[in-house]
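Take a look at the structure set out below.
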Amino acid sequence: MSVTDTVEPAPMPAPTARRASAWRAFNAILWRDTVVTAKEFWVLLIQVALTPLFMLFIFAKVLGSVNYVSDDYGHLLLPGIVALSAFLTALQSVAFPLIMEFGWTKEIEDRLLAPLPTDLVAIEKLVVATVRGLISAVIIYPIGALVLGSEPWRPEGLPLLLVVLLLGAWVGAGIGITMGTLVPPARISIMFAAILTPLMFTGATQYPWPSLDSMRWFQVITALNPLTYCAEGVRAAMVPDVPHIAPWICVLVLLGSALVFTASGLAGFRRRALA
């Protein structure tokens with residue numbers, strides 16, 4: 001062989017090439033959705049802030065000014081509102097688009113044609129929804145503090161706060177994927193009334209879960225809602241003097257719920273994608 005000859009590189013093994021192609025496609029789709037989220041920041045802000053801030057304003061500010069609730073109720077309510085924002089934003093960010101994409105627009109078919117496994121398409125949506133949930137929590141806290149005029153804050157509670165919000169947003173995204181693959185477009189309004197409203201009001205966002213001892217039946221129902229453990233975990237991180245569920249229980253329940261709803265969401269996504 002002469003010195004001018006070149007050595008042909010060995011071809012990349014087919015499985016490795018497929019994996020590399022899949023991850024490139026995954027990163028490209030993830031980046032696209034991230035850019036779309038940034039461009040729609042004001043839409044996200046309205047989606048995030050409207051309902052939680054009205055709840056905070058009415059329950060804490062208005063009722064507090066007329067002495068129907070105590071002055072420190074806002075510090076109990078704000079952690080619940082932060083948890084609610086992370087949870088519901090993640091849920092809505094994936095549930096409603098999936099219902100539309102599988103039902104009417106068929107936009108999901110473009111993503112399914114990308115060179116990556118079906119599960120990765122669903123996981124990408126879950127990741128984006130989780131990130132949007134975390135962003136919502138970051139947005140709602142300072143705005144809520146402005147509404148109240150003060151805010152509960154414990155720097156030493158920050159690690160627990162981040163873990164609980166991440167898991168809470170992940171659970172919300174998992175529930176959103178599950179709902180988005182189960183509910184047909186014609187049932188969106190029924191879904192909102194039958195699922196989202198009970199989730200919001202049985203999630204211990206307006207009250208500490210241990211305070212329900214006198215209503216044991218409602219306490220049991222509330223304990224079945226994953227949002228309860230997100231709200232209680234945030235409360236433990238921000239206002240630990242208020243009675244709350246032990247943080248380790250909140251983390252374990254949220255982690256278990258995240259795994260369960262992620263598995264059910266992936267199963268539903270595969271079923272709809274291959275139908």
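Residue names in the structure tokens use chain letters A, B, ... in the order shown, residue numbers from 1 in each chain, and ligand numbers from 1 in the order shown.
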
Note to self: What's around A:Leu212 at 12 Å? Count only C-alpha atoms, leave out sequence neighbours fewer than 6 positions away in its own chain, and write the answer as a PyMOL selection string.
What the structure shows: chain A and resi 202+204+206+218-223+243-245

Next item on the list: Do a neighbour search on stretch 54-64 of chain A at 12 Å with only C-alpha atoms, toss out local chain neighbours closer than 6 positions, and write the hits as a ChimeraX atom specification.
Entry: /A:46,48,70-82,84-85,140-141,143-150,200-201,205-207

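Taking the backbone of this structure through DSSP, the residues of stretch 122-153 of chain A that come out as helix (DSSP H, G or I) are Ala122, Ile123, Glu124, Lys125, Leu126, Val127, Val128, Ala129, Thr130, Val131, Arg132, Gly133, Leu134, Ile135, Ser136, Ala137, Val138, Ile139, Ile140, Tyr141, Pro142, Ile143, Gly144, Ala145, Leu146, Val147 and Leu148 of chain A.
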
Next, write the just-selected residues to a file, as a compact mmCIF listing (two decimals), in the first residue's frame, keeping C-alpha atoms as the atom set.
# COMPACT_ATOMS: atom_id res chain seq x y z
CA ALA A 122 -43.47 10.30 24.62
CA ILE A 123 -40.51 10.85 26.98
CA GLU A 124 -39.58 14.03 25.15
CA LYS A 125 -43.08 15.37 25.72
CA LEU A 126 -42.84 14.36 29.38
CA VAL A 127 -39.50 16.16 29.77
CA VAL A 128 -40.79 19.37 28.18
CA ALA A 129 -43.95 19.32 30.30
CA THR A 130 -41.90 18.77 33.47
CA VAL A 131 -39.64 21.71 32.61
CA ARG A 132 -42.67 23.91 31.97
CA GLY A 133 -44.05 22.88 35.36
CA LEU A 134 -40.80 23.88 37.08
CA ILE A 135 -40.76 27.20 35.23
CA SER A 136 -44.31 27.86 36.40
CA ALA A 137 -43.31 27.32 40.04
CA VAL A 138 -40.39 29.73 39.64
CA ILE A 139 -42.71 32.33 38.12
CA ILE A 140 -45.57 32.01 40.58
CA TYR A 141 -43.53 32.37 43.77
CA PRO A 142 -42.36 35.98 43.36
CA ILE A 143 -45.70 37.05 41.88
CA GLY A 144 -47.50 35.44 44.80
CA ALA A 145 -45.13 37.15 47.22
CA LEU A 146 -46.01 40.51 45.61
CA VAL A 147 -49.72 39.78 46.04
CA LEU A 148 -49.26 38.92 49.72

Next item on the list: Identify which of the residues A:Val36, A:Ala273, A:Leu255, A:Leu160 lies closest to A:Gly172, counting only C-alpha atoms when measuring atom-to-atom distances.
Entry: A:Leu255

Next item on the list: Measure the distance from atom CA of A:Pro208 to atom CA of A:Val163 in Å and round it to one decimal.
Entry: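 A separation of 19.5 Å between them.
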
Next item on the list: Find the distance between atom CA of A:Ala231 and atom CA of A:Ala83 and write it in Å to one decimal.
Entry: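 We find that atom CA of A:Ala231 and atom CA of A:Ala83 lie 5.1 Å from each other.
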
Next item on the list: Write out as a PyMOL selection string each polymer residue whose atoms come within 8 Å of stretch 268-272 of chain A, counting only C-alpha atoms; drop sequence neighbours fewer than 3 positions from it.
Entry: chain A and resi 102+118-119+122+177-178+181-182+264-265+275
